[in-house]
>>> print(open('work-v5.cif').read())   # mmCIF, C-alpha atoms and all ligand atoms
data_upload
#
loop_
_atom_site.label_atom_id
_atom_site.label_comp_id
_atom_site.auth_asym_id
_atom_site.auth_seq_id
_atom_site.Cartn_x
_atom_site.Cartn_y
_atom_site.Cartn_z
CA MET B 1 -52.97 -12.72 -7.92
CA ALA B 2 -51.38 -9.37 -8.87
CA GLY B 3 -48.09 -10.76 -10.15
CA MET B 4 -47.54 -13.06 -7.16
CA VAL B 5 -48.30 -16.16 -9.16
CA ASP B 6 -48.59 -15.82 -12.90
CA ALA B 7 -51.67 -16.67 -14.92
CA ALA B 8 -49.74 -19.32 -16.84
CA ALA B 9 -49.05 -21.26 -13.60
CA ILE B 10 -52.78 -21.37 -12.91
CA ALA B 11 -53.67 -22.23 -16.50
CA ALA B 12 -51.06 -25.00 -16.42
CA LEU B 13 -53.25 -26.84 -13.91
CA ASP B 14 -56.31 -26.68 -16.12
CA ALA B 15 -55.96 -30.24 -17.41
CA GLU B 16 -55.22 -31.63 -13.92
CA ALA B 17 -58.30 -29.88 -12.51
CA ARG B 18 -60.51 -31.27 -15.27
CA LYS B 19 -59.02 -34.71 -14.70
CA GLY B 20 -59.81 -34.33 -10.98
CA LEU B 21 -63.45 -33.54 -11.75
CA GLU B 22 -63.60 -36.49 -14.12
CA LEU B 23 -62.24 -38.81 -11.41
CA LEU B 24 -64.98 -37.62 -9.06
CA THR B 25 -67.64 -38.74 -11.52
CA SER B 26 -65.94 -41.83 -12.97
CA GLY B 27 -64.94 -43.19 -9.57
CA GLU B 28 -61.49 -44.14 -10.86
CA GLY B 29 -59.50 -42.02 -8.41
CA ALA B 30 -58.27 -42.72 -4.87
CA GLY B 31 -60.98 -43.07 -2.23
CA ALA B 32 -63.62 -43.98 -4.81
CA ASP B 33 -65.69 -45.75 -2.12
CA PHE B 34 -66.51 -42.35 -0.65
CA LEU B 35 -67.94 -40.50 -3.63
CA GLY B 36 -71.59 -40.76 -2.58
CA TRP B 37 -71.68 -36.99 -1.96
CA VAL B 38 -70.98 -36.15 -5.64
CA LYS B 39 -74.55 -36.88 -6.80
CA LEU B 40 -76.17 -36.77 -3.38
CA PRO B 41 -78.18 -33.53 -3.87
CA GLU B 42 -79.81 -34.90 -7.04
CA GLU B 43 -80.38 -38.31 -5.46
CA THR B 44 -81.96 -37.01 -2.24
CA ASP B 45 -85.61 -37.86 -2.67
CA ASP B 46 -88.65 -35.98 -1.46
CA ALA B 47 -89.72 -38.88 0.75
CA LEU B 48 -86.56 -38.55 2.85
CA LEU B 49 -86.94 -34.78 3.14
CA ASP B 50 -90.62 -35.22 4.15
CA ASP B 51 -89.63 -37.77 6.76
CA ILE B 52 -86.90 -35.52 8.20
CA ASN B 53 -89.31 -32.57 8.26
CA ALA B 54 -91.93 -34.69 10.05
CA THR B 55 -89.41 -35.82 12.69
CA ALA B 56 -88.22 -32.24 13.12
CA ALA B 57 -91.82 -31.04 13.56
CA ARG B 58 -92.44 -33.74 16.19
CA LEU B 59 -89.29 -32.75 18.10
CA ARG B 60 -90.23 -29.07 17.88
CA GLU B 61 -93.69 -29.82 19.31
CA THR B 62 -92.30 -31.65 22.33
CA CYS B 63 -88.96 -29.92 22.96
CA GLU B 64 -87.84 -26.39 23.78
CA VAL B 65 -84.26 -27.47 23.14
CA VAL B 66 -82.75 -30.24 21.04
CA VAL B 67 -79.15 -31.21 21.66
CA ALA B 68 -77.31 -32.46 18.57
CA VAL B 69 -74.55 -34.77 19.78
CA GLY B 70 -71.65 -35.34 17.39
CA ILE B 71 -68.13 -34.27 16.44
CA GLY B 72 -66.20 -33.41 13.26
CA GLY B 73 -68.31 -34.09 10.21
CA SER B 74 -71.15 -35.16 12.49
CA TYR B 75 -71.28 -31.65 13.98
CA LEU B 76 -69.75 -28.86 11.92
CA GLY B 77 -72.07 -28.77 8.90
CA ALA B 78 -75.26 -28.36 10.94
CA LYS B 79 -73.58 -25.85 13.24
CA ALA B 80 -72.31 -23.81 10.27
CA VAL B 81 -75.67 -23.65 8.49
CA ILE B 82 -77.71 -22.91 11.64
CA GLU B 83 -75.32 -20.13 12.71
CA ALA B 84 -75.27 -18.64 9.21
CA LEU B 85 -79.08 -18.46 9.05
CA SER B 86 -79.96 -17.55 12.62
CA ASP B 87 -80.39 -14.35 14.52
CA SER B 88 -77.04 -13.69 16.24
CA PHE B 89 -78.72 -13.93 19.65
CA ALA B 90 -81.12 -16.85 19.05
CA PRO B 91 -79.84 -19.95 17.22
CA TYR B 92 -83.04 -20.94 15.41
CA ARG B 93 -85.63 -19.44 13.05
CA ALA B 94 -87.67 -17.08 15.17
CA GLY B 95 -91.24 -18.26 15.71
CA THR B 96 -90.88 -21.68 14.10
CA GLY B 97 -87.65 -23.28 15.25
CA THR B 98 -86.47 -24.98 18.39
CA ARG B 99 -83.17 -23.99 19.94
CA VAL B 100 -80.50 -26.44 18.77
CA LEU B 101 -77.50 -26.83 21.06
CA PHE B 102 -74.47 -29.02 20.45
CA ALA B 103 -72.59 -31.52 22.60
CA GLY B 104 -70.06 -34.28 22.08
CA GLN B 105 -67.80 -31.95 20.08
CA ASN B 106 -65.39 -31.69 23.02
CA ILE B 107 -64.58 -33.44 26.31
CA GLY B 108 -65.03 -30.32 28.43
CA GLU B 109 -66.27 -31.30 31.88
CA ASP B 110 -67.45 -27.76 32.64
CA TYR B 111 -69.19 -27.58 29.24
CA MET B 112 -71.15 -30.77 29.93
CA ALA B 113 -71.97 -29.85 33.53
CA GLU B 114 -73.21 -26.42 32.45
CA LEU B 115 -75.27 -27.95 29.63
CA GLN B 116 -76.86 -30.37 32.10
CA ASP B 117 -77.66 -27.46 34.44
CA TYR B 118 -79.22 -25.55 31.56
CA LEU B 119 -81.36 -28.53 30.55
CA ARG B 120 -82.53 -29.32 34.09
CA ASP B 121 -85.81 -27.38 33.83
CA LYS B 122 -86.19 -27.66 30.04
CA LYS B 123 -88.17 -29.99 27.82
CA PHE B 124 -85.37 -31.37 25.67
CA GLY B 125 -84.59 -33.99 23.07
CA ILE B 126 -81.44 -35.49 21.61
CA ILE B 127 -80.21 -36.15 18.08
CA VAL B 128 -77.21 -38.42 18.46
CA ILE B 129 -75.05 -38.50 15.34
CA SER B 130 -72.12 -40.82 14.75
CA LYS B 131 -71.37 -42.66 11.54
CA SER B 132 -69.04 -45.15 13.20
CA GLY B 133 -71.14 -45.20 16.36
CA THR B 134 -67.97 -45.60 18.40
CA THR B 135 -66.49 -42.09 18.68
CA THR B 136 -65.51 -41.32 22.28
CA GLU B 137 -66.53 -37.66 22.58
CA PRO B 138 -70.18 -38.04 21.46
CA ALA B 139 -70.48 -41.40 23.24
CA ILE B 140 -69.60 -39.74 26.59
CA ALA B 141 -71.96 -36.80 25.99
CA PHE B 142 -74.79 -39.10 24.90
CA ARG B 143 -74.36 -41.33 27.95
CA LEU B 144 -74.78 -38.30 30.23
CA LEU B 145 -77.68 -36.73 28.34
CA LYS B 146 -79.55 -40.00 27.88
CA GLU B 147 -79.32 -40.68 31.60
CA GLN B 148 -80.58 -37.15 32.35
CA LEU B 149 -83.47 -37.41 29.90
CA GLU B 150 -84.49 -40.84 31.18
CA SER B 151 -84.42 -39.62 34.79
CA GLN B 152 -86.58 -36.61 33.78
CA LEU B 153 -89.13 -38.57 31.71
CA GLY B 154 -88.68 -42.29 32.20
CA ARG B 155 -87.05 -44.58 29.65
CA GLU B 156 -90.00 -45.00 27.30
CA GLU B 157 -90.88 -41.33 26.89
CA ALA B 158 -87.17 -40.40 26.68
CA GLY B 159 -86.86 -42.89 23.81
CA ARG B 160 -89.48 -40.91 21.87
CA ARG B 161 -87.33 -37.78 22.16
CA ILE B 162 -84.11 -39.42 20.94
CA VAL B 163 -83.22 -39.77 17.27
CA ALA B 164 -80.07 -41.58 16.14
CA VAL B 165 -78.23 -40.89 12.88
CA THR B 166 -75.70 -43.62 12.19
CA ASP B 167 -74.47 -46.43 9.96
CA ALA B 168 -77.10 -48.76 8.47
CA GLN B 169 -75.83 -51.91 10.19
CA ARG B 170 -72.68 -51.53 12.27
CA GLY B 171 -71.58 -49.83 15.46
CA ALA B 172 -72.63 -49.49 19.07
CA LEU B 173 -75.09 -46.71 18.32
CA ARG B 174 -76.96 -48.80 15.76
CA SER B 175 -77.28 -51.67 18.30
CA LEU B 176 -78.45 -49.30 21.04
CA ALA B 177 -80.97 -47.61 18.73
CA THR B 178 -82.38 -51.01 17.75
CA THR B 179 -82.64 -52.15 21.38
CA GLU B 180 -84.26 -48.93 22.56
CA GLY B 181 -86.47 -48.47 19.49
CA TYR B 182 -85.20 -44.98 18.63
CA LYS B 183 -86.20 -43.34 15.38
CA THR B 184 -83.10 -43.61 13.16
CA TYR B 185 -81.63 -42.22 9.97
CA VAL B 186 -78.85 -43.82 7.98
CA ILE B 187 -75.55 -42.27 6.92
CA ALA B 188 -74.68 -44.00 3.67
CA ASP B 189 -71.42 -45.97 3.62
CA ASN B 190 -70.15 -44.00 0.65
CA VAL B 191 -70.45 -40.53 2.26
CA GLY B 192 -67.60 -39.56 4.60
CA GLY B 193 -68.25 -37.48 7.71
CA ARG B 194 -66.95 -34.14 6.40
CA PHE B 195 -69.03 -34.51 3.21
CA SER B 196 -72.22 -35.43 5.11
CA VAL B 197 -73.92 -32.11 5.85
CA LEU B 198 -76.53 -32.71 3.14
CA THR B 199 -77.47 -36.11 4.61
CA PRO B 200 -79.67 -36.48 7.75
CA VAL B 201 -76.47 -35.69 9.73
CA GLY B 202 -76.89 -32.02 8.87
CA LEU B 203 -80.44 -31.90 7.55
CA LEU B 204 -82.20 -33.07 10.73
CA PRO B 205 -80.68 -30.51 13.16
CA ILE B 206 -81.09 -27.78 10.51
CA ALA B 207 -84.79 -28.71 10.06
CA VAL B 208 -85.32 -28.75 13.85
CA ALA B 209 -83.91 -25.22 13.98
CA GLY B 210 -86.70 -24.28 11.56
CA TYR B 211 -84.81 -23.92 8.30
CA ASP B 212 -85.87 -24.99 4.84
CA ILE B 213 -83.88 -28.12 4.03
CA ARG B 214 -85.60 -28.43 0.66
CA ALA B 215 -84.17 -25.07 -0.42
CA LEU B 216 -80.76 -26.05 0.96
CA VAL B 217 -80.73 -29.27 -1.08
CA GLU B 218 -82.09 -27.42 -4.12
CA GLY B 219 -79.22 -24.91 -3.91
CA ALA B 220 -76.75 -27.79 -3.79
CA ARG B 221 -78.57 -29.54 -6.65
CA ASN B 222 -78.22 -26.50 -8.88
CA MET B 223 -74.51 -26.27 -8.13
CA GLN B 224 -74.08 -30.02 -8.63
CA LYS B 225 -75.74 -29.83 -12.05
CA ALA B 226 -73.75 -26.78 -13.17
CA THR B 227 -70.47 -28.22 -11.90
CA LEU B 228 -70.95 -31.62 -13.48
CA ASP B 229 -72.27 -30.36 -16.83
CA GLY B 230 -69.40 -27.86 -17.04
CA SER B 231 -71.54 -24.71 -17.14
CA ASP B 232 -70.06 -23.52 -13.82
CA THR B 233 -66.29 -23.82 -13.59
CA SER B 234 -65.80 -22.01 -10.28
CA SER B 235 -64.80 -25.14 -8.36
CA LEU B 236 -62.20 -25.97 -11.02
CA VAL B 237 -60.82 -22.44 -10.98
CA TYR B 238 -60.66 -22.37 -7.18
CA ALA B 239 -58.97 -25.78 -6.99
CA GLN B 240 -56.33 -25.01 -9.59
CA THR B 241 -55.63 -21.50 -8.26
CA ARG B 242 -55.00 -22.68 -4.70
CA ASN B 243 -52.75 -25.47 -5.98
CA ALA B 244 -50.79 -23.03 -8.15
CA LEU B 245 -50.33 -20.85 -5.07
CA TYR B 246 -49.26 -23.85 -2.99
CA ARG B 247 -46.66 -24.79 -5.59
CA ALA B 248 -45.42 -21.19 -5.47
CA GLY B 249 -44.73 -21.58 -1.72
CA LYS B 250 -48.02 -20.33 -0.26
CA LYS B 251 -48.54 -23.04 2.36
CA ILE B 252 -51.39 -21.48 4.35
CA GLU B 253 -54.84 -20.50 3.10
CA ILE B 254 -56.91 -18.21 5.27
CA LEU B 255 -60.67 -18.20 4.74
CA VAL B 256 -61.76 -14.66 5.54
CA ASN B 257 -65.30 -13.55 6.30
CA TYR B 258 -66.77 -10.13 7.03
CA ASN B 259 -69.95 -11.48 8.57
CA PRO B 260 -69.88 -12.99 12.08
CA LYS B 261 -72.60 -15.45 11.05
CA LEU B 262 -69.98 -17.19 8.90
CA HIS B 263 -67.58 -18.06 11.71
CA PHE B 264 -68.64 -21.70 11.74
CA MET B 265 -68.67 -21.89 7.96
CA GLY B 266 -64.93 -21.25 8.41
CA GLU B 267 -64.74 -24.09 10.93
CA TRP B 268 -66.61 -26.45 8.60
CA TRP B 269 -64.35 -25.43 5.67
CA LYS B 270 -61.23 -25.97 7.82
CA GLN B 271 -62.29 -29.54 8.58
CA LEU B 272 -63.25 -30.24 4.97
CA TYR B 273 -59.91 -29.10 3.56
CA GLY B 274 -57.69 -30.01 6.52
CA GLU B 275 -58.80 -33.63 6.76
CA SER B 276 -58.99 -34.06 3.00
CA GLU B 277 -55.61 -32.62 2.03
CA GLY B 278 -53.27 -32.71 5.02
CA LYS B 279 -51.56 -36.06 4.50
CA ASP B 280 -48.49 -37.77 3.05
CA GLY B 281 -46.40 -34.78 4.23
CA LYS B 282 -48.41 -32.45 1.97
CA GLY B 283 -51.32 -30.03 2.00
CA ILE B 284 -52.25 -26.39 2.40
CA PHE B 285 -52.87 -25.54 6.08
CA PRO B 286 -56.43 -24.14 6.29
CA ALA B 287 -56.93 -21.27 8.71
CA ALA B 288 -59.81 -18.82 9.13
CA VAL B 289 -60.37 -15.30 10.42
CA ASP B 290 -63.47 -13.25 11.19
CA ASN B 291 -63.06 -9.68 9.99
CA THR B 292 -63.06 -6.94 10.86
CA THR B 293 -62.68 -8.43 14.38
CA ASP B 294 -59.45 -10.23 13.52
CA LEU B 295 -57.96 -7.25 11.70
CA HIS B 296 -57.31 -6.06 15.25
CA SER B 297 -55.41 -9.25 16.10
CA MET B 298 -54.23 -11.34 13.15
CA GLY B 299 -54.25 -8.34 10.76
CA GLN B 300 -50.65 -7.45 11.63
CA TRP B 301 -49.36 -10.96 10.84
CA ILE B 302 -51.32 -11.20 7.61
CA GLN B 303 -50.12 -7.78 6.37
CA ASP B 304 -46.54 -8.12 7.44
CA GLY B 305 -45.55 -11.63 8.58
CA GLU B 306 -43.87 -14.43 6.64
CA ARG B 307 -45.12 -14.46 3.04
CA ILE B 308 -46.38 -18.04 2.99
CA ILE B 309 -50.09 -17.25 3.03
CA PHE B 310 -52.93 -16.48 0.69
CA GLU B 311 -56.51 -15.51 1.46
CA THR B 312 -59.89 -16.61 0.20
CA VAL B 313 -62.43 -13.97 1.07
CA LEU B 314 -65.98 -15.24 1.46
CA SER B 315 -68.14 -12.22 0.80
CA VAL B 316 -71.91 -11.81 1.18
CA GLU B 317 -73.26 -9.25 -1.29
CA THR B 318 -76.37 -8.11 0.60
CA PRO B 319 -77.18 -8.34 4.31
CA SER B 320 -80.68 -9.38 5.38
CA ARG B 321 -81.32 -6.29 7.52
CA GLU B 322 -80.89 -2.56 6.94
CA LEU B 323 -79.30 -0.27 9.50
CA ARG B 324 -77.88 3.21 8.95
CA ILE B 325 -75.32 5.17 10.92
CA PRO B 326 -77.05 8.01 12.78
CA PHE B 327 -76.13 11.71 12.45
CA ASP B 328 -74.86 13.23 15.69
CA GLU B 329 -74.95 16.98 16.26
CA ALA B 330 -71.86 17.05 18.50
CA ASN B 331 -69.88 14.70 16.21
CA LEU B 332 -67.30 14.11 18.94
CA ASP B 333 -66.32 10.78 17.35
CA GLY B 334 -65.92 12.48 13.95
CA LEU B 335 -68.20 9.97 12.26
CA ASN B 336 -70.64 12.38 10.60
CA PHE B 337 -68.85 11.88 7.26
CA ILE B 338 -70.45 8.43 7.12
CA ALA B 339 -73.78 9.39 8.75
CA GLY B 340 -76.68 8.02 6.70
CA LYS B 341 -74.62 5.23 5.16
CA ARG B 342 -75.57 1.61 5.74
CA ILE B 343 -73.34 -0.34 8.14
CA ASP B 344 -72.69 -2.74 5.28
CA GLN B 345 -71.28 0.04 3.08
CA VAL B 346 -68.62 0.62 5.71
CA ASN B 347 -68.04 -3.13 6.03
CA LYS B 348 -67.61 -3.46 2.25
CA MET B 349 -65.08 -0.63 2.18
CA ALA B 350 -63.22 -2.31 5.03
CA GLU B 351 -63.24 -5.50 2.94
CA LEU B 352 -62.00 -3.78 -0.23
CA GLY B 353 -59.45 -1.67 1.64
CA THR B 354 -58.10 -4.76 3.39
CA ARG B 355 -57.91 -6.75 0.19
CA LEU B 356 -55.94 -3.99 -1.53
CA ALA B 357 -53.63 -3.61 1.47
CA HIS B 358 -53.00 -7.35 1.70
CA ILE B 359 -52.29 -7.63 -2.04
CA ASP B 360 -49.83 -4.73 -1.65
CA GLY B 361 -48.35 -6.66 1.27
CA GLY B 362 -47.76 -9.76 -0.89
CA VAL B 363 -50.85 -11.81 0.03
CA PRO B 364 -52.64 -13.25 -3.00
CA ASN B 365 -56.41 -12.94 -2.72
CA ILE B 366 -59.21 -15.12 -4.03
CA ARG B 367 -62.77 -13.88 -3.64
CA VAL B 368 -65.90 -16.05 -3.40
CA VAL B 369 -69.12 -14.06 -3.48
CA ILE B 370 -72.61 -15.20 -2.55
CA PRO B 371 -75.59 -12.88 -3.11
CA ALA B 372 -77.13 -13.31 0.36
CA LEU B 373 -77.23 -15.68 3.31
CA ASN B 374 -80.12 -18.08 2.80
CA GLU B 375 -80.69 -21.81 2.44
CA ASP B 376 -80.36 -21.74 -1.34
CA THR B 377 -77.02 -19.91 -1.45
CA LEU B 378 -75.60 -21.97 1.41
CA GLY B 379 -76.54 -25.20 -0.37
CA SER B 380 -74.70 -23.99 -3.48
CA LEU B 381 -71.72 -22.83 -1.44
CA ILE B 382 -71.44 -26.18 0.35
CA TYR B 383 -71.44 -28.12 -2.91
CA PHE B 384 -68.96 -25.67 -4.48
CA PHE B 385 -66.48 -26.14 -1.61
CA GLU B 386 -66.96 -29.93 -1.55
CA ALA B 387 -66.42 -30.30 -5.31
CA ALA B 388 -63.38 -28.00 -5.26
CA CYS B 389 -61.98 -29.97 -2.32
CA GLY B 390 -62.21 -33.30 -4.15
CA ILE B 391 -60.66 -31.81 -7.31
CA SER B 392 -57.95 -30.06 -5.31
CA GLY B 393 -57.03 -33.23 -3.42
CA TYR B 394 -56.58 -35.08 -6.70
CA ILE B 395 -54.40 -32.25 -8.11
CA LEU B 396 -52.32 -32.48 -4.92
CA GLY B 397 -51.97 -36.22 -5.42
CA VAL B 398 -53.57 -37.45 -2.18
CA ASN B 399 -56.62 -39.53 -1.35
CA PRO B 400 -58.99 -36.71 -0.29
CA PHE B 401 -61.47 -39.10 1.32
CA ASN B 402 -59.52 -40.83 4.08
CA GLN B 403 -58.16 -39.51 7.39
CA PRO B 404 -55.57 -41.97 8.72
CA GLY B 405 -53.91 -39.24 10.78
CA VAL B 406 -56.81 -38.84 13.23
CA GLU B 407 -56.18 -42.28 14.75
CA ALA B 408 -52.84 -41.51 16.46
CA TYR B 409 -54.26 -39.44 19.33
CA LYS B 410 -57.01 -41.99 19.92
CA ARG B 411 -54.48 -44.82 20.33
CA ASN B 412 -52.51 -42.81 22.90
CA MET B 413 -55.65 -41.68 24.73
CA PHE B 414 -56.97 -45.25 25.02
CA ALA B 415 -53.53 -46.49 26.13
CA LEU B 416 -53.34 -43.77 28.79
CA LEU B 417 -56.88 -44.57 29.96
CA GLU B 418 -55.90 -48.26 30.10
CA LYS B 419 -58.68 -49.40 27.78
CA PRO B 420 -58.93 -53.22 27.73
CA GLY B 421 -57.10 -54.52 24.66
CA TYR B 422 -54.52 -51.70 24.79
CA GLU B 423 -52.21 -53.31 27.40
CA LYS B 424 -49.14 -53.30 25.15
CA GLU B 425 -49.67 -49.66 24.15
CA THR B 426 -50.22 -48.71 27.80
CA ALA B 427 -46.91 -50.29 28.82
CA ALA B 428 -45.11 -48.59 25.90
CA ILE B 429 -46.53 -45.16 26.61
CA LYS B 430 -45.79 -45.43 30.33
CA ALA B 431 -42.18 -46.33 29.49
CA LYS B 432 -42.00 -43.34 27.17
CA LEU B 433 -43.31 -41.06 29.95
CA GLY B 434 -40.84 -42.59 32.40
CA GLU B 435 -43.57 -43.91 34.70
O1 LIG P 501 -64.85 -36.41 8.52
C1 LIG P 501 -64.78 -37.37 9.26
O2 LIG P 501 -64.86 -38.54 8.84
C2 LIG P 501 -64.60 -37.19 10.75
O3 LIG P 501 -64.40 -35.87 11.09
C3 LIG P 501 -65.83 -37.72 11.47
O4 LIG P 501 -66.96 -37.02 11.03
C4 LIG P 501 -65.70 -37.58 12.98
O5 LIG P 501 -64.53 -38.21 13.42
C5 LIG P 501 -66.90 -38.20 13.69
O6 LIG P 501 -67.03 -39.54 13.34
P1 LIG P 501 -68.36 -40.35 13.64
O7 LIG P 501 -69.47 -39.75 12.89
O8 LIG P 501 -68.05 -41.74 13.20
O9 LIG P 501 -68.60 -40.26 15.15
#
>>> encode(input="work-v5.cif", output="C-alpha cells", more="lines below")
Ligand code: PA5
Amino acid sequence: MAGMVDAAAIAALDAEARKGLELLTSGEGAGADFLGWVKLPEETDDALLDDINATAARLRETCEVVVAVGIGGSYLGAKAVIEALSDSFAPYRAGTGTRVLFAGQNIGEDYMAELQDYLRDKKFGIIVISKSGTTTEPAIAFRLLKEQLESQLGREEAGRRIVAVTDAQRGALRSLATTEGYKTYVIADNVGGRFSVLTPVGLLPIAVAGYDIRALVEGARNMQKATLDGSDTSSLVYAQTRNALYRAGKKIEILVNYNPKLHFMGEWWKQLYGESEGKDGKGIFPAAVDNTTDLHSMGQWIQDGERIIFETVLSVETPSRELRIPFDEANLDGLNFIAGKRIDQVNKMAELGTRLAHIDGGVPNIRVVIPALNEDTLGSLIYFFEAACGISGYILGVNPFNQPGVEAYKRNMFALLEKPGYEKETAAIKAKLGE
C-alpha cells in the first residue's frame, strides 16, 4: 500500500473480516438462504461429477458444437474457465473437447443471426441454463436455437441433444424440460447465480469443452478447507484490505491481468463483486483491464487520473508454453538486447514496471498470484474470490447475496414491450416519455 493506506487501517478490520467468515459458516448473517456455495466443493459427490462427465461425453460424441445458453451467473463462470484453459484460437481442449459457444448473454439480433448461420451446417447441441427459468435473454436465444435444432433433426432427436440446467421444481424451463423429456441438472435453491460456477451451471459446459471438472472441484475443495480451517487467510486479507482502501476513498478496484486468457475471469469477477456489493448506495465499483493491451488505452488514466482507484493484479507465475525472442542480425527494431529471453520475462518486467509506476502515481496495488493456469489453480482461485466476496460484503454491511437492483430495467423493458400484466407501468412510462 506504500503509505497510501496505513497498515493499522487494514489491521483494524481484522475482527470484522473474521466475523464475516464466521457468518458465512454459521449462517447468521444477511442472505443466509444463499450460502450453499460455502461448502459446495466438499459436498459435490463423485456420482454427480460422473453423471456430468457422461452427459458431456455423449454431447461430444454427437455434436461438433454445443451452445451454452445463459446470462450473468448462468454464463460467466463457464466462459471464464473455458477461455482461461483453452488455446487462444480454439475454445476447447484440443483433441478431446467440443467447441462451446455461448448465447443468451445479450439480445443482439446480428449475434443471433450470425450464430444461426454458423450452426446451419453443423451438428450441434444446446445446454440451456437458467436458475429462474424465466430470464428474457436466454429464453429468446433458446426459442430460436430449439426451433433450428428441431427443424434440422426433428423434435425427438433434438430433445436428445438438449440439456437443461435449472431450478428443481419451479420455472418455465423446468416445465418445458419435463414435457420434452430433456436431460436436466438442478441448481440448488441455496446457491445464487454468481456463486454457481462449481455447480452443473459451470461444470457441464466446462466438461463438454474437454476440461477436468474433478480437478477444478478438487482445487476449490482445497481452498475451501484451508479457508474454513484458518490455515489460509488470503481471502480475509484481501477482503479487509479492499475495505480499508474503500474507507480511505478508493472507490474503484481494477482487476488487472497480464494474460489475455484471463479476460473473462475479469468479467466473472466483475459480476461477482458488482452484484454482491453494489447496493444501499455503497460498494467498490469493480472494473478490469487486460495488460499490456490496456496500458495503451487506460494506462494514462490509471497513472494520472483522479486518485480514487486501486488495482488487484492477477498474476500467473508460469505460462504453459515456451517461446523466445529471436536474434536478428540487422536489429533495426533495436530488440537484440532481449534476444533469447522468454516472452514471459518481458511480460513480467512490464508487470513489475507498471506496478512500481502505478504505486508512484498513487495507486495502491494488491497482487494475487497463481502458479499456472490449470483446472486445479482455477478452482482454488474461484473459491478464494467467492469467500473474499462474502466476507467483504459483510464488512461493508450489505447483504452480499441478493441483487434487487437488477429488476428496474426489466420492469421498464416489459412495460415498453407492453407485456400483459404491465398495463399500468406501460401507461406511466409512456407518459414519462411524452408519448
Ligand atoms: O447472479 C445472479 O443471480 C444473476 O446474475 C443471474 O445469474 C442471472 O440474472 C441469470 O439468472 P437465471 O439463471 O435465473 O436465468
>>> atom_distance(input="work-v5.cif", atom1="atom CA of Gly3 of chain B", atom2="atom CA of Tyr238 of chain B")
17.4 Å
>>> closest_residue(input="work-v5.cif", among="B:Ile309, B:Ala415, B:Val406, B:Ala78", to="Pro91 of chain B", atoms="all atoms listed in the file")
B:Ala78
>>> closest_residue(input="work-v5.cif", among="B:Leu381, B:Leu272, B:Leu198, B:Ile10", to="ligand LIG 501 (chain P)", atoms="only C-alpha atoms and all ligand atoms")
B:Leu272
>>> residues_around(input="work-v5.cif", residues="segment 106-112 of chain B", least_positions_apart="6", cutoff="10 Å", atoms="all atoms listed in the file", output="PyMOL selection string")
chain B and resi 70-72+118+136-138+140-141+144-145
>>> residues_near_ligand(input="work-v5.cif", ligand="ligand LIG 501 (chain P)", cutoff="8 Å", atoms="all atoms listed in the file", output="PyMOL selection string")
chain B and resi 70-75+129-136+138+166+192-195+271-272+275+402-403+406
>>> closest_residue(input="work-v5.cif", among="B:Leu153, B:Leu204, B:Ala11, B:Val38", to="Ala54 of chain B", atoms="all atoms listed in the file")
B:Leu204
>>> atom_distance(input="work-v5.cif", atom1="atom CA of Arg161 of chain B", atom2="atom CA of Val66 of chain B")
8.9 Å
>>> residues_around(input="work-v5.cif", residues="Tyr394 of chain B", least_positions_apart="5", cutoff="10 Å", atoms="all atoms listed in the file", output="PDB file with C-alpha atoms, keeping the file's coordinate frame")
ATOM      1  CA  GLU B  16     -55.220 -31.630 -13.920  1.00  0.00           C
ATOM      2  CA  ALA B  17     -58.300 -29.880 -12.510  1.00  0.00           C
ATOM      3  CA  LYS B  19     -59.020 -34.710 -14.700  1.00  0.00           C
ATOM      4  CA  GLY B  20     -59.810 -34.330 -10.980  1.00  0.00           C
ATOM      5  CA  LEU B  21     -63.450 -33.540 -11.750  1.00  0.00           C
ATOM      6  CA  LEU B  23     -62.240 -38.810 -11.410  1.00  0.00           C
ATOM      7  CA  LEU B  24     -64.980 -37.620  -9.060  1.00  0.00           C
ATOM      8  CA  GLY B  29     -59.500 -42.020  -8.410  1.00  0.00           C
ATOM      9  CA  ALA B  30     -58.270 -42.720  -4.870  1.00  0.00           C
ATOM     10  CA  ALA B 239     -58.970 -25.780  -6.990  1.00  0.00           C
ATOM     11  CA  GLU B 277     -55.610 -32.620   2.030  1.00  0.00           C
ATOM     12  CA  ALA B 388     -63.380 -28.000  -5.260  1.00  0.00           C
ATOM     13  CA  CYS B 389     -61.980 -29.970  -2.320  1.00  0.00           C
ATOM     14  CA  ASN B 399     -56.620 -39.530  -1.350  1.00  0.00           C
ATOM     15  CA  PRO B 400     -58.990 -36.710  -0.290  1.00  0.00           C
TER      16      PRO B 400
END
>>> closest_residue(input="work-v5.cif", among="B:Asp117, B:Leu228, B:Glu64, B:Asp33", to="Asp189 of chain B", atoms="only C-alpha atoms")
B:Asp33
>>> closest_residue(input="work-v5.cif", among="B:Gly104, B:Gly202, B:Gly171, B:Gly397", to="Leu49 of chain B", atoms="all atoms listed in the file")
B:Gly202
>>> residues_around(input="work-v5.cif", residues="segment 424-435 of chain B", least_positions_apart="4", cutoff="9 Å", atoms="all atoms listed in the file", output="PyMOL selection string")
chain B and resi 411-412+414-419
>>> closest_residue(input="work-v5.cif", among="B:Gly278, B:Glu423, B:Phe89, B:Phe142", to="Pro260 of chain B", atoms="all atoms listed in the file")
B:Phe89
>>> atom_distance(input="work-v5.cif", atom1="atom CA of Met223 of chain B", atom2="atom CA of Thr55 of chain B")
27.3 Å
>>> axis_aligned_box(input="work-v5.cif", around="segment 385-400 of chain B", padding_each_side="3 Å", output="AutoDock Vina command-line options")
--center_x -59.5 --center_y -32.8 --center_z -4.2 --size_x 21.0 --size_y 19.4 --size_z 13.8
>>> residues_around(input="work-v5.cif", residues="Thr98 of chain B", least_positions_apart="6", cutoff="10 Å", atoms="only C-alpha atoms", output="ChimeraX atom specification")
/B:56-57,59-66,90-92,124,205-210
